[in-house]
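Here's entry-v1.cif, which has mmCIF, C-alpha atoms:
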data_work
loop_
_atom_site.group_PDB
_atom_site.id
_atom_site.type_symbol
_atom_site.label_atom_id
_atom_site.label_comp_id
_atom_site.auth_asym_id
_atom_site.auth_seq_id
_atom_site.Cartn_x
_atom_site.Cartn_y
_atom_site.Cartn_z
ATOM 1 C CA MET A 18 -97.705 -101.897 148.841
ATOM 2 C CA ASN A 19 -99.114 -105.030 147.211
ATOM 3 C CA LYS A 20 -96.807 -104.626 144.246
ATOM 4 C CA LYS A 21 -93.830 -104.485 146.582
ATOM 5 C CA LYS A 22 -94.896 -107.726 148.252
ATOM 6 C CA ILE A 23 -95.158 -109.515 144.908
ATOM 7 C CA ILE A 24 -91.736 -108.319 143.889
ATOM 8 C CA ILE A 25 -90.241 -109.580 147.150
ATOM 9 C CA VAL A 26 -91.937 -112.977 146.803
ATOM 10 C CA VAL A 27 -90.732 -113.300 143.210
ATOM 11 C CA LEU A 28 -87.234 -112.308 144.256
ATOM 12 C CA ILE A 29 -87.158 -114.871 147.063
ATOM 13 C CA LEU A 30 -88.500 -117.577 144.763
ATOM 14 C CA GLY A 31 -85.902 -116.647 142.169
ATOM 15 C CA LEU A 32 -83.150 -116.905 144.772
ATOM 16 C CA ILE A 33 -84.359 -120.326 145.935
ATOM 17 C CA VAL A 34 -84.478 -121.614 142.346
ATOM 18 C CA ALA A 35 -81.008 -120.241 141.672
ATOM 19 C CA PHE A 36 -79.692 -121.790 144.870
ATOM 20 C CA VAL A 37 -81.193 -125.221 144.111
ATOM 21 C CA ALA A 38 -79.905 -125.082 140.526
ATOM 22 C CA TYR A 39 -76.447 -124.152 141.764
ATOM 23 C CA LYS A 40 -76.497 -126.967 144.329
ATOM 24 C CA MET A 41 -77.560 -129.450 141.670
ATOM 25 C CA TYR A 42 -74.926 -128.255 139.236
ATOM 26 C CA ASN A 43 -72.263 -128.673 141.904
ATOM 27 C CA LYS A 44 -73.561 -131.955 143.241
ATOM 28 C CA PRO A 45 -70.582 -133.762 144.735
ATOM 29 C CA HIS A 46 -69.288 -137.131 143.582
ATOM 30 C CA VAL A 47 -70.174 -140.173 145.647
ATOM 31 C CA ASN A 48 -67.912 -140.484 148.646
ATOM 32 C CA VAL A 49 -66.824 -144.100 148.386
ATOM 33 C CA PHE A 50 -65.160 -144.035 151.764
ATOM 34 C CA GLU A 51 -68.216 -142.889 153.708
ATOM 35 C CA LYS A 52 -70.999 -144.564 151.752
ATOM 36 C CA SER A 53 -71.754 -148.163 152.645
ATOM 37 C CA ALA A 54 -71.183 -150.840 150.033
ATOM 38 C CA ASP A 55 -74.040 -151.983 147.779
ATOM 39 C CA ILE A 56 -72.471 -155.385 147.194
ATOM 40 C CA ILE A 57 -69.960 -157.349 149.245
ATOM 41 C CA THR A 58 -68.066 -160.037 147.365
ATOM 42 C CA ASN A 59 -64.634 -161.485 146.607
ATOM 43 C CA ALA A 60 -62.327 -161.176 143.620
ATOM 44 C CA ASP A 61 -62.992 -164.676 142.328
ATOM 45 C CA LYS A 62 -66.756 -164.402 142.443
ATOM 46 C CA ILE A 63 -66.988 -161.057 140.647
ATOM 47 C CA LEU A 64 -64.649 -162.162 137.841
ATOM 48 C CA LYS A 65 -66.598 -165.389 137.387
ATOM 49 C CA ASP A 66 -69.854 -163.427 137.176
ATOM 50 C CA PHE A 67 -68.418 -161.169 134.481
ATOM 51 C CA SER A 68 -66.676 -163.850 132.444
ATOM 52 C CA SER A 69 -69.697 -166.161 132.400
ATOM 53 C CA ASP A 70 -72.399 -163.588 131.627
ATOM 54 C CA GLU A 71 -71.224 -160.058 131.084
ATOM 55 C CA ASN A 72 -74.652 -158.508 130.456
ATOM 56 C CA THR A 73 -76.174 -159.814 133.660
ATOM 57 C CA ALA A 74 -73.068 -158.840 135.595
ATOM 58 C CA ASN A 75 -73.212 -155.343 134.079
ATOM 59 C CA THR A 76 -76.727 -154.759 135.409
ATOM 60 C CA LYS A 77 -75.741 -156.189 138.761
ATOM 61 C CA TYR A 78 -72.445 -154.407 139.382
ATOM 62 C CA LEU A 79 -72.020 -151.299 137.211
ATOM 63 C CA GLU A 80 -71.809 -147.987 139.068
ATOM 64 C CA LYS A 81 -72.370 -149.802 142.358
ATOM 65 C CA ILE A 82 -70.077 -149.492 145.355
ATOM 66 C CA ILE A 83 -68.433 -152.878 145.700
ATOM 67 C CA LYS A 84 -66.587 -154.092 148.764
ATOM 68 C CA ILE A 85 -64.252 -156.795 147.647
ATOM 69 C CA LYS A 86 -61.820 -159.147 149.312
ATOM 70 C CA GLY A 87 -58.832 -160.683 147.597
ATOM 71 C CA ALA A 88 -55.133 -161.465 147.626
ATOM 72 C CA VAL A 89 -52.850 -158.828 146.095
ATOM 73 C CA SER A 90 -51.122 -160.177 142.976
ATOM 74 C CA ASP A 91 -49.587 -156.959 141.678
ATOM 75 C CA ILE A 92 -49.017 -153.387 142.805
ATOM 76 C CA LYS A 93 -47.996 -150.484 140.618
ATOM 77 C CA ILE A 94 -48.211 -146.745 140.339
ATOM 78 C CA GLU A 95 -49.120 -145.120 137.018
ATOM 79 C CA ASN A 96 -49.460 -141.355 136.674
ATOM 80 C CA GLU A 97 -49.208 -140.999 140.460
ATOM 81 C CA LYS A 98 -52.185 -143.258 141.008
ATOM 82 C CA GLY A 99 -51.924 -146.715 142.547
ATOM 83 C CA ILE A 100 -53.313 -149.801 140.847
ATOM 84 C CA ILE A 101 -53.711 -153.038 142.787
ATOM 85 C CA SER A 102 -54.529 -156.336 141.067
ATOM 86 C CA LEU A 103 -56.430 -158.939 143.039
ATOM 87 C CA GLU A 104 -55.769 -162.590 142.313
ATOM 88 C CA THR A 105 -58.428 -164.926 140.945
ATOM 89 C CA ASN A 106 -58.530 -168.578 139.896
ATOM 90 C CA ASP A 107 -58.817 -167.469 136.288
ATOM 91 C CA ASP A 108 -55.584 -167.632 134.261
ATOM 92 C CA PHE A 109 -55.971 -164.311 132.492
ATOM 93 C CA GLY A 110 -58.350 -162.095 134.379
ATOM 94 C CA SER A 111 -57.986 -160.354 137.685
ATOM 95 C CA VAL A 112 -59.684 -157.496 139.476
ATOM 96 C CA LEU A 113 -57.960 -154.177 138.847
ATOM 97 C CA CYS A 114 -58.478 -151.647 141.611
ATOM 98 C CA HIS A 115 -57.576 -148.088 140.672
ATOM 99 C CA LEU A 116 -56.921 -146.350 143.965
ATOM 100 C CA SER A 117 -57.952 -142.855 144.972
ATOM 101 C CA ILE A 118 -55.208 -140.308 145.603
ATOM 102 C CA GLU A 119 -55.717 -140.763 149.365
ATOM 103 C CA SER A 120 -55.305 -144.533 149.261
ATOM 104 C CA THR A 121 -52.346 -144.283 146.883
ATOM 105 C CA LYS A 122 -50.444 -142.555 149.688
ATOM 106 C CA LYS A 123 -50.777 -145.690 151.783
ATOM 107 C CA ILE A 124 -49.742 -148.061 148.995
ATOM 108 C CA LYS A 125 -46.318 -148.744 150.510
ATOM 109 C CA GLU A 126 -47.962 -150.515 153.443
ATOM 110 C CA ILE A 127 -49.411 -153.132 151.097
ATOM 111 C CA GLN A 128 -47.473 -156.174 149.993
ATOM 112 C CA LYS A 129 -47.880 -158.793 147.306
ATOM 113 C CA GLY A 130 -49.701 -161.907 148.459
ATOM 114 C CA GLN A 131 -51.444 -160.151 151.296
ATOM 115 C CA ASP A 132 -55.250 -160.343 151.713
ATOM 116 C CA ILE A 133 -56.954 -156.969 151.584
ATOM 117 C CA VAL A 134 -60.427 -155.486 151.446
ATOM 118 C CA VAL A 135 -61.017 -152.738 148.899
ATOM 119 C CA LYS A 136 -64.087 -150.598 148.294
ATOM 120 C CA GLY A 137 -64.636 -148.997 144.905
ATOM 121 C CA ILE A 138 -67.016 -148.307 142.031
ATOM 122 C CA CYS A 139 -67.273 -150.947 139.311
ATOM 123 C CA THR A 140 -67.084 -149.561 135.773
ATOM 124 C CA GLY A 141 -67.033 -152.830 133.844
ATOM 125 C CA TYR A 142 -65.074 -155.735 132.422
ATOM 126 C CA LEU A 143 -62.369 -155.723 129.765
ATOM 127 C CA MET A 144 -59.748 -158.403 130.365
ATOM 128 C CA ASP A 145 -60.193 -157.751 134.053
ATOM 129 C CA VAL A 146 -62.982 -156.440 136.211
ATOM 130 C CA ILE A 147 -62.302 -152.751 136.798
ATOM 131 C CA LEU A 148 -63.000 -150.784 139.956
ATOM 132 C CA VAL A 149 -62.267 -147.063 140.197
ATOM 133 C CA LYS A 150 -62.003 -144.583 143.083
ATOM 134 C CA CYS A 151 -60.936 -147.434 145.329
ATOM 135 C CA GLU A 152 -60.206 -147.116 149.009
ATOM 136 C CA VAL A 153 -58.216 -149.741 150.877
ATOM 137 C CA ILE A 154 -60.418 -150.578 153.854
ATOM 138 C CA ASN A 155 -58.411 -153.226 155.589
ATOM 139 C CA LYS A 156 -54.793 -154.194 155.291
ATOM 140 C CA MET B 19 -34.774 -188.661 122.577
ATOM 141 C CA LYS B 20 -32.876 -186.094 120.556
ATOM 142 C CA HIS B 21 -35.975 -185.418 118.532
ATOM 143 C CA ILE B 22 -37.997 -184.813 121.630
ATOM 144 C CA ILE B 23 -35.460 -182.298 122.910
ATOM 145 C CA THR B 24 -35.454 -180.504 119.572
ATOM 146 C CA LEU B 25 -39.218 -180.500 119.571
ATOM 147 C CA VAL B 26 -39.411 -179.138 123.106
ATOM 148 C CA CYS B 27 -36.869 -176.461 122.212
ATOM 149 C CA CYS B 28 -38.863 -175.531 119.129
ATOM 150 C CA ILE B 29 -42.090 -175.263 121.110
ATOM 151 C CA LEU B 30 -40.353 -173.192 123.772
ATOM 152 C CA PHE B 31 -38.826 -170.943 121.163
ATOM 153 C CA VAL B 32 -42.138 -170.466 119.368
ATOM 154 C CA SER B 33 -43.985 -169.683 122.571
ATOM 155 C CA VAL B 34 -41.288 -167.237 123.645
ATOM 156 C CA THR B 35 -41.365 -165.340 120.351
ATOM 157 C CA LYS B 36 -45.171 -165.437 120.395
ATOM 158 C CA SER B 37 -45.329 -163.848 123.817
ATOM 159 C CA GLN B 38 -43.075 -161.073 122.579
ATOM 160 C CA GLU B 39 -45.316 -160.302 119.654
ATOM 161 C CA ARG B 40 -48.110 -158.846 121.688
ATOM 162 C CA PHE B 41 -47.888 -155.521 123.410
ATOM 163 C CA LEU B 42 -50.606 -154.404 125.743
ATOM 164 C CA THR B 43 -51.686 -151.829 128.266
ATOM 165 C CA LYS B 44 -54.539 -152.101 130.733
ATOM 166 C CA ASN B 45 -54.307 -148.512 131.891
ATOM 167 C CA GLY B 46 -54.191 -146.460 128.757
ATOM 168 C CA ALA B 47 -55.449 -142.899 129.064
ATOM 169 C CA ILE B 48 -58.123 -141.229 126.961
ATOM 170 C CA THR B 49 -59.272 -137.706 127.703
ATOM 171 C CA PHE B 50 -61.788 -135.665 125.864
ATOM 172 C CA TYR B 51 -62.323 -131.980 125.724
ATOM 173 C CA SER B 52 -65.454 -130.113 124.787
ATOM 174 C CA LYS B 53 -65.048 -126.402 124.218
ATOM 175 C CA ALA B 54 -68.310 -124.455 124.228
ATOM 176 C CA PRO B 55 -69.264 -120.833 124.901
ATOM 177 C CA MET B 56 -70.824 -121.561 128.311
ATOM 178 C CA GLU B 57 -68.364 -124.062 129.725
ATOM 179 C CA ASN B 58 -65.444 -126.293 128.882
ATOM 180 C CA ILE B 59 -65.798 -129.910 129.844
ATOM 181 C CA THR B 60 -63.065 -132.487 130.227
ATOM 182 C CA ALA B 61 -63.255 -136.120 131.183
ATOM 183 C CA GLU B 62 -60.571 -138.671 131.746
ATOM 184 C CA ASN B 63 -60.455 -142.442 131.466
ATOM 185 C CA ASN B 64 -57.351 -144.229 132.750
ATOM 186 C CA GLN B 65 -58.580 -147.790 132.347
ATOM 187 C CA VAL B 66 -58.371 -148.232 128.601
ATOM 188 C CA LEU B 67 -57.282 -151.617 127.273
ATOM 189 C CA SER B 68 -55.151 -151.450 124.146
ATOM 190 C CA ILE B 69 -53.442 -154.342 122.410
ATOM 191 C CA ILE B 70 -50.966 -154.242 119.513
ATOM 192 C CA ASP B 71 -50.110 -157.390 117.632
ATOM 193 C CA ALA B 72 -46.545 -156.651 116.573
ATOM 194 C CA SER B 73 -46.493 -159.447 113.993
ATOM 195 C CA SER B 74 -49.399 -158.046 111.982
ATOM 196 C CA GLY B 75 -49.465 -154.383 113.027
ATOM 197 C CA LYS B 76 -53.052 -154.638 114.154
ATOM 198 C CA MET B 77 -54.371 -152.630 117.053
ATOM 199 C CA ALA B 78 -57.455 -153.209 119.222
ATOM 200 C CA ILE B 79 -58.758 -150.862 121.889
ATOM 201 C CA SER B 80 -61.613 -151.322 124.368
ATOM 202 C CA ILE B 81 -63.017 -148.479 126.402
ATOM 203 C CA LEU B 82 -65.492 -148.610 129.280
ATOM 204 C CA MET B 83 -67.795 -145.625 128.957
ATOM 205 C CA LYS B 84 -68.490 -145.560 132.691
ATOM 206 C CA SER B 85 -64.784 -145.115 133.352
ATOM 207 C CA PHE B 86 -64.852 -141.527 132.099
ATOM 208 C CA MET B 87 -64.420 -139.324 135.163
ATOM 209 C CA PHE B 88 -65.705 -135.755 135.097
ATOM 210 C CA LYS B 89 -65.018 -132.895 137.431
ATOM 211 C CA LYS B 90 -68.691 -132.510 138.214
ATOM 212 C CA ALA B 91 -70.872 -135.442 139.198
ATOM 213 C CA LEU B 92 -73.816 -134.009 137.284
ATOM 214 C CA MET B 93 -71.856 -133.882 134.021
ATOM 215 C CA GLN B 94 -70.843 -137.497 134.482
ATOM 216 C CA GLU B 95 -74.461 -138.452 135.105
ATOM 217 C CA HIS B 96 -75.688 -136.646 131.993
ATOM 218 C CA PHE B 97 -72.890 -138.093 129.889
ATOM 219 C CA ASN B 98 -73.782 -141.640 130.921
ATOM 220 C CA GLU B 99 -77.555 -141.344 130.973
ATOM 221 C CA ASN B 100 -78.424 -138.909 128.202
ATOM 222 C CA TYR B 101 -75.603 -138.871 125.694
ATOM 223 C CA VAL B 102 -73.645 -142.106 125.391
ATOM 224 C CA GLU B 103 -76.319 -144.208 127.150
ATOM 225 C CA SER B 104 -73.715 -146.341 128.836
ATOM 226 C CA ASP B 105 -76.248 -148.788 130.299
ATOM 227 C CA LYS B 106 -77.201 -149.775 126.758
ATOM 228 C CA TYR B 107 -73.742 -149.342 125.220
ATOM 229 C CA PRO B 108 -71.197 -149.903 128.018
ATOM 230 C CA LYS B 109 -68.153 -150.086 125.731
ATOM 231 C CA ALA B 110 -66.565 -148.285 122.843
ATOM 232 C CA THR B 111 -64.103 -150.193 120.697
ATOM 233 C CA PHE B 112 -61.547 -149.395 118.059
ATOM 234 C CA LYS B 113 -60.021 -151.951 115.715
ATOM 235 C CA GLY B 114 -57.497 -150.964 113.141
ATOM 236 C CA ASP B 115 -54.344 -151.482 111.153
ATOM 237 C CA ILE B 116 -51.218 -149.502 111.856
ATOM 238 C CA LEU B 117 -50.007 -148.448 108.407
ATOM 239 C CA ASN B 118 -46.270 -148.865 107.817
ATOM 240 C CA PHE B 119 -45.912 -150.567 111.204
ATOM 241 C CA ASP B 120 -42.469 -151.885 110.195
ATOM 242 C CA THR B 121 -41.065 -148.368 109.993
ATOM 243 C CA ILE B 122 -41.735 -147.705 113.682
ATOM 244 C CA ASP B 123 -38.605 -147.643 115.846
ATOM 245 C CA ASN B 124 -37.145 -145.882 118.840
ATOM 246 C CA LEU B 125 -37.437 -142.471 117.207
ATOM 247 C CA ALA B 126 -40.883 -140.984 117.678
ATOM 248 C CA LYS B 127 -42.731 -140.630 114.416
ATOM 249 C CA ASP B 128 -46.237 -139.988 113.155
ATOM 250 C CA VAL B 129 -47.949 -142.986 111.631
ATOM 251 C CA LYS B 130 -51.477 -143.448 110.316
ATOM 252 C CA VAL B 131 -53.853 -145.914 111.910
ATOM 253 C CA LYS B 132 -56.823 -146.907 109.789
ATOM 254 C CA GLY B 133 -59.747 -148.609 111.415
ATOM 255 C CA SER B 134 -63.253 -148.458 112.772
ATOM 256 C CA LEU B 135 -64.523 -146.894 115.954
ATOM 257 C CA THR B 136 -67.721 -148.250 117.492
ATOM 258 C CA MET B 137 -69.495 -146.119 120.057
ATOM 259 C CA HIS B 138 -73.128 -145.660 121.053
ATOM 260 C CA GLY B 139 -74.044 -148.497 118.687
ATOM 261 C CA VAL B 140 -72.603 -146.718 115.634
ATOM 262 C CA THR B 141 -69.512 -147.843 113.734
ATOM 263 C CA LYS B 142 -67.488 -145.338 111.782
ATOM 264 C CA GLU B 143 -64.371 -145.730 109.665
ATOM 265 C CA LEU B 144 -61.556 -143.392 110.598
ATOM 266 C CA THR B 145 -57.913 -142.757 109.913
ATOM 267 C CA ILE B 146 -56.044 -141.321 112.862
ATOM 268 C CA VAL B 147 -52.513 -139.985 112.923
ATOM 269 C CA ALA B 148 -50.663 -141.088 116.036
ATOM 270 C CA ASN B 149 -47.147 -140.710 117.295
ATOM 271 C CA PHE B 150 -45.398 -144.057 117.764
ATOM 272 C CA THR B 151 -42.191 -144.967 119.572
ATOM 273 C CA ARG B 152 -41.052 -148.552 119.841
ATOM 274 C CA ASN B 153 -38.239 -150.384 121.555
ATOM 275 C CA LYS B 154 -37.878 -153.780 123.197
ATOM 276 C CA GLU B 155 -39.657 -152.780 126.384
ATOM 277 C CA TYR B 156 -42.557 -150.763 125.076
ATOM 278 C CA ILE B 157 -44.605 -149.318 122.264
ATOM 279 C CA LEU B 158 -45.766 -145.814 123.113
ATOM 280 C CA VAL B 159 -48.685 -144.364 121.172
ATOM 281 C CA GLU B 160 -49.859 -140.792 121.593
ATOM 282 C CA GLY B 161 -52.073 -138.424 119.712
ATOM 283 C CA ASN B 162 -55.422 -136.771 119.331
ATOM 284 C CA PHE B 163 -58.279 -136.483 116.892
ATOM 285 C CA ILE B 164 -61.667 -134.836 116.573
ATOM 286 C CA ILE B 165 -64.970 -136.663 116.593
ATOM 287 C CA GLU B 166 -68.345 -135.212 115.768
ATOM 288 C CA VAL B 167 -71.111 -136.236 118.134
ATOM 289 C CA ASP B 168 -73.609 -136.307 115.233
ATOM 290 C CA ASP B 169 -71.641 -139.116 113.596
ATOM 291 C CA PHE B 170 -72.362 -141.346 116.556
ATOM 292 C CA ASN B 171 -76.041 -140.497 116.767
ATOM 293 C CA ILE B 172 -75.565 -138.588 120.014
ATOM 294 C CA LYS B 173 -78.238 -135.913 120.283
ATOM 295 C CA ILE B 174 -77.560 -132.728 122.174
ATOM 296 C CA PRO B 175 -80.750 -130.848 123.091
ATOM 297 C CA ALA B 176 -80.967 -127.224 121.986
ATOM 298 C CA VAL B 177 -81.148 -126.069 125.634
ATOM 299 C CA VAL B 178 -77.589 -127.156 126.316
ATOM 300 C CA ALA B 179 -76.201 -126.485 122.827
ATOM 301 C CA LYS B 180 -74.153 -123.648 124.288
ATOM 302 C CA ASN B 181 -72.682 -125.963 126.955
ATOM 303 C CA ILE B 182 -71.560 -128.881 124.828
ATOM 304 C CA ALA B 183 -69.457 -128.732 121.690
ATOM 305 C CA LYS B 184 -70.488 -130.597 118.557
ATOM 306 C CA LYS B 185 -66.882 -131.467 117.877
ATOM 307 C CA ILE B 186 -65.030 -133.183 120.676
ATOM 308 C CA LYS B 187 -61.265 -133.384 120.883
ATOM 309 C CA VAL B 188 -60.120 -136.820 121.984
ATOM 310 C CA SER B 189 -56.538 -137.310 123.221
ATOM 311 C CA PHE B 190 -54.937 -140.629 123.950
ATOM 312 C CA LYS B 191 -51.753 -142.041 125.419
ATOM 313 C CA PHE B 192 -51.040 -145.756 125.564
ATOM 314 C CA ASN B 193 -47.840 -147.221 126.872
ATOM 315 C CA HIS B 194 -47.926 -150.861 125.735
ATOM 316 C CA THR B 195 -45.588 -153.365 127.309
ATOM 317 C CA PRO B 196 -44.878 -156.938 126.142
ATOM 318 C CA TYR B 197 -47.624 -159.278 127.237
ATOM 319 C CA LYS B 198 -46.583 -162.095 129.470
ATOM 320 C CA LYS B 199 -48.520 -164.792 131.363
#

Kindly transcribe the structure held in the file into structure tokens.
Amino acid sequence: MNKKKIIIVVLILGLIVAFVAYKMYNKPHVNVFEKSADIITNADKILKDFSSDENTANTKYLEKIIKIKGAVSDIKIENEKGIISLETNDDFGSVLCHLSIESTKKIKEIQKGQDIVVKGICTGYLMDVILVKCEVINK
Amino acid sequence: MKHIITLVCCILFVSVTKSQERFLTKNGAITFYSKAPMENITAENNQVLSIIDASSGKMAISILMKSFMFKKALMQEHFNENYVESDKYPKATFKGDILNFDTIDNLAKDVKVKGSLTMHGVTKELTIVANFTRNKEYILVEGNFIIEVDDFNIKIPAVVAKNIAKKIKVSFKFNHTPYKK
């Protein structure tokens, strides 16, 4: 009788552990659309932060959800994914927003010169500040 | 007056040819593939910056480590936190010379690129064979190579040795266009 109980307890524990492990292994990616932004800024400010002090900007922005406002300077589609550049005062750099598949579908509604608000995850600075998994919040 | 016009023309001409000498892409693709008994892992980065100086045949590539997207969030987390330590080393770079750059034309051909790859704070000399195609509008570079994680001081714990390969296949595709602005 007692032995049976122990076996059942062990089995249940084992199942819980397996379930938690499975859940952890399949942990979903951050949902940019639903999660609120960590930082709200504009294209000019974020580029200035990165070009003046990249290390500090890295600790501030990397892997954070950034909500960013700016004027569209370029729109293109590469490998079926939309890329929107946001204008800055800097001559060379801009903010490159790589859109999600969902937002890419709505890319035709966006025009050059228009002000938009984009939410995405910042992955760093090369020539431009780069945001991935972007959603267009406001056209 | 005539001299000034000539001078202006010369400057214009020089700046025009200069702008045509550089080819660049801001959305080059790098994918890597790890084949291990327990699971196969792929990750993709579509934000790679690659620049070719067509006058010297030099090539420079910058890669943001945090731009590698994995299928599973947990893999991405482990990659960034435990293996490449992207907070400490946010970028990987490659600088190299394209050998026999002058022979590249509009017919795709394999060419060697000799240079150094810096990742995870370690720099290693490599020679990579890549397929080049060039015309007026673009320089397309495609290929793949194998890197060993040990070479870049990336430690894989014994517990997950069956999940992560020691040799990683890296594929790349860069479509450079003439740089203007």

Check your understanding: When the PyMOL selection byres ((chain A) within 12 of (chain B)) is applied to the file above, which residues end up in the set, as a ChimeraX atom specification?
Key -> /A:38-48,71-81,93-102,107-116,138-150

Exercise for review: For Thr141 of chain B, work out the shell of residues within 12 Å, counting all atoms listed in the file and skipping chain neighbours fewer than 4 positions away, then give it as a ChimeraX atom specification.
Suggested key: /B:110-113,133-137,169-171

Practice item. On this file, the PyMOL selection byres ((chain A and resi 83-87) around 8) gives some set of residues; write that set as a list in words. Key: Ala54, Asp55, Ile56, Ile57, Thr58, Asn59, Ala60, Asp61, Tyr78, Lys81, Ile82, Ala88, Val89, Leu103, Glu104, Thr105, Asp132, Ile133, Val134, Val135, Lys136, Gly137, Ile138 and Cys139 of chain A

Practice item. Using atom CA of Val102 of chain B and atom CA of Ile172 of chain B as the two end points, give the distance in Å to one decimal. Key: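 Rounded to one decimal, the two atoms are 6.7 Å apart.
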
Point to revise | Length of the atom CA of Phe97 of chain B to atom CA of Leu42 of chain B vector [Å] | key: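 For atom CA of Phe97 of chain B relative to atom CA of Leu42 of chain B, the distance reads 27.9 Å.
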
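Of the listed residues B:Phe150, B:Glu103, B:Thr145, B:Met77, the one whose atoms come nearest to Val129 of chain B is B:Phe150, with distances taken using all atoms listed in the file.
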
**Study point:** Spatial sel., origin (-49.4, -140.3, 115.4), limit 9 Å, only C-alpha atoms, listed as a ChimeraX atom specification
**Key:** /B:126-131,146-150,159-162

Review point. Mind pulling up the distance from atom CA of Lys132 of chain B to atom CA of Asn153 of chain B?
Key: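 About the pair atom CA of Asn153 of chain B and atom CA of Lys132 of chain B: they are 22.3 Å apart.
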
Return as JSON the box centre and box size in Å, one decimal, for an axis-aligned box around all listed atoms of segment 64-72 of chain B padded by 3 Å per side.
{"center_x": -52.6, "center_y": -150.8, "center_z": 124.7, "size_x": 18.0, "size_y": 19.2, "size_z": 22.2}

Starting from the shown file, work through the PyMOL selection byres ((chain B and resi 181) around 12) and note down what comes out as a PDB file with C-alpha atoms, in the frame of the given file.
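What follows is the written file out08.pdb:
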ATOM      1  CA  SER B  52     -65.454-130.113 124.787  1.00  0.00           C
ATOM      2  CA  LYS B  53     -65.048-126.402 124.218  1.00  0.00           C
ATOM      3  CA  ALA B  54     -68.310-124.455 124.228  1.00  0.00           C
ATOM      4  CA  PRO B  55     -69.264-120.833 124.901  1.00  0.00           C
ATOM      5  CA  MET B  56     -70.824-121.561 128.311  1.00  0.00           C
ATOM      6  CA  GLU B  57     -68.364-124.062 129.725  1.00  0.00           C
ATOM      7  CA  ASN B  58     -65.444-126.293 128.882  1.00  0.00           C
ATOM      8  CA  ILE B  59     -65.798-129.910 129.844  1.00  0.00           C
ATOM      9  CA  MET B  93     -71.856-133.882 134.021  1.00  0.00           C
ATOM     10  CA  ILE B 174     -77.560-132.728 122.174  1.00  0.00           C
ATOM     11  CA  PRO B 175     -80.750-130.848 123.091  1.00  0.00           C
ATOM     12  CA  ALA B 176     -80.967-127.224 121.986  1.00  0.00           C
ATOM     13  CA  VAL B 177     -81.148-126.069 125.634  1.00  0.00           C
ATOM     14  CA  VAL B 178     -77.589-127.156 126.316  1.00  0.00           C
ATOM     15  CA  ALA B 179     -76.201-126.485 122.827  1.00  0.00           C
ATOM     16  CA  LYS B 180     -74.153-123.648 124.288  1.00  0.00           C
ATOM     17  CA  ILE B 182     -71.560-128.881 124.828  1.00  0.00           C
ATOM     18  CA  ALA B 183     -69.457-128.732 121.690  1.00  0.00           C
ATOM     19  CA  LYS B 184     -70.488-130.597 118.557  1.00  0.00           C
TER      20      LYS B 184
END

Pop segment 148-156 of chain A out of the structure in the block and write N, CA, C and O atoms as a PDB file, in the first residue's frame.
ATOM      1  N   LEU A 148      16.617  47.786 -35.462  1.00  0.00           N
ATOM      2  CA  LEU A 148      15.516  47.213 -34.691  1.00  0.00           C
ATOM      3  C   LEU A 148      14.958  46.026 -35.469  1.00  0.00           C
ATOM      4  O   LEU A 148      14.779  46.115 -36.678  1.00  0.00           O
ATOM      5  N   VAL A 149      14.682  44.936 -34.773  1.00  0.00           N
ATOM      6  CA  VAL A 149      14.097  43.768 -35.442  1.00  0.00           C
ATOM      7  C   VAL A 149      12.705  43.492 -34.880  1.00  0.00           C
ATOM      8  O   VAL A 149      12.317  44.046 -33.860  1.00  0.00           O
ATOM      9  N   LYS A 150      11.991  42.596 -35.559  1.00  0.00           N
ATOM     10  CA  LYS A 150      10.632  42.197 -35.161  1.00  0.00           C
ATOM     11  C   LYS A 150       9.714  43.402 -34.973  1.00  0.00           C
ATOM     12  O   LYS A 150       8.935  43.468 -34.024  1.00  0.00           O
ATOM     13  N   CYS A 151       9.852  44.375 -35.854  1.00  0.00           N
ATOM     14  CA  CYS A 151       9.123  45.627 -35.678  1.00  0.00           C
ATOM     15  C   CYS A 151       7.655  45.517 -36.077  1.00  0.00           C
ATOM     16  O   CYS A 151       7.305  44.835 -37.037  1.00  0.00           O
ATOM     17  N   GLU A 152       6.843  46.229 -35.312  1.00  0.00           N
ATOM     18  CA  GLU A 152       5.434  46.382 -35.640  1.00  0.00           C
ATOM     19  C   GLU A 152       5.171  47.864 -35.864  1.00  0.00           C
ATOM     20  O   GLU A 152       5.657  48.693 -35.101  1.00  0.00           O
ATOM     21  N   VAL A 153       4.424  48.177 -36.906  1.00  0.00           N
ATOM     22  CA  VAL A 153       4.039  49.564 -37.143  1.00  0.00           C
ATOM     23  C   VAL A 153       2.809  49.836 -36.289  1.00  0.00           C
ATOM     24  O   VAL A 153       1.774  49.207 -36.449  1.00  0.00           O
ATOM     25  N   ILE A 154       2.961  50.757 -35.330  1.00  0.00           N
ATOM     26  CA  ILE A 154       1.900  51.003 -34.356  1.00  0.00           C
ATOM     27  C   ILE A 154       0.906  52.022 -34.897  1.00  0.00           C
ATOM     28  O   ILE A 154      -0.286  51.918 -34.731  1.00  0.00           O
ATOM     29  N   ASN A 155       1.451  53.022 -35.573  1.00  0.00           N
ATOM     30  CA  ASN A 155       0.633  54.174 -35.902  1.00  0.00           C
ATOM     31  C   ASN A 155       1.082  54.728 -37.240  1.00  0.00           C
ATOM     32  O   ASN A 155       2.243  55.010 -37.444  1.00  0.00           O
ATOM     33  N   LYS A 156       0.125  54.818 -38.162  1.00  0.00           N
ATOM     34  CA  LYS A 156       0.493  55.307 -39.482  1.00  0.00           C
ATOM     35  C   LYS A 156       0.116  56.784 -39.638  1.00  0.00           C
ATOM     36  O   LYS A 156      -0.740  57.279 -38.961  1.00  0.00           O
TER      37      LYS A 156
END
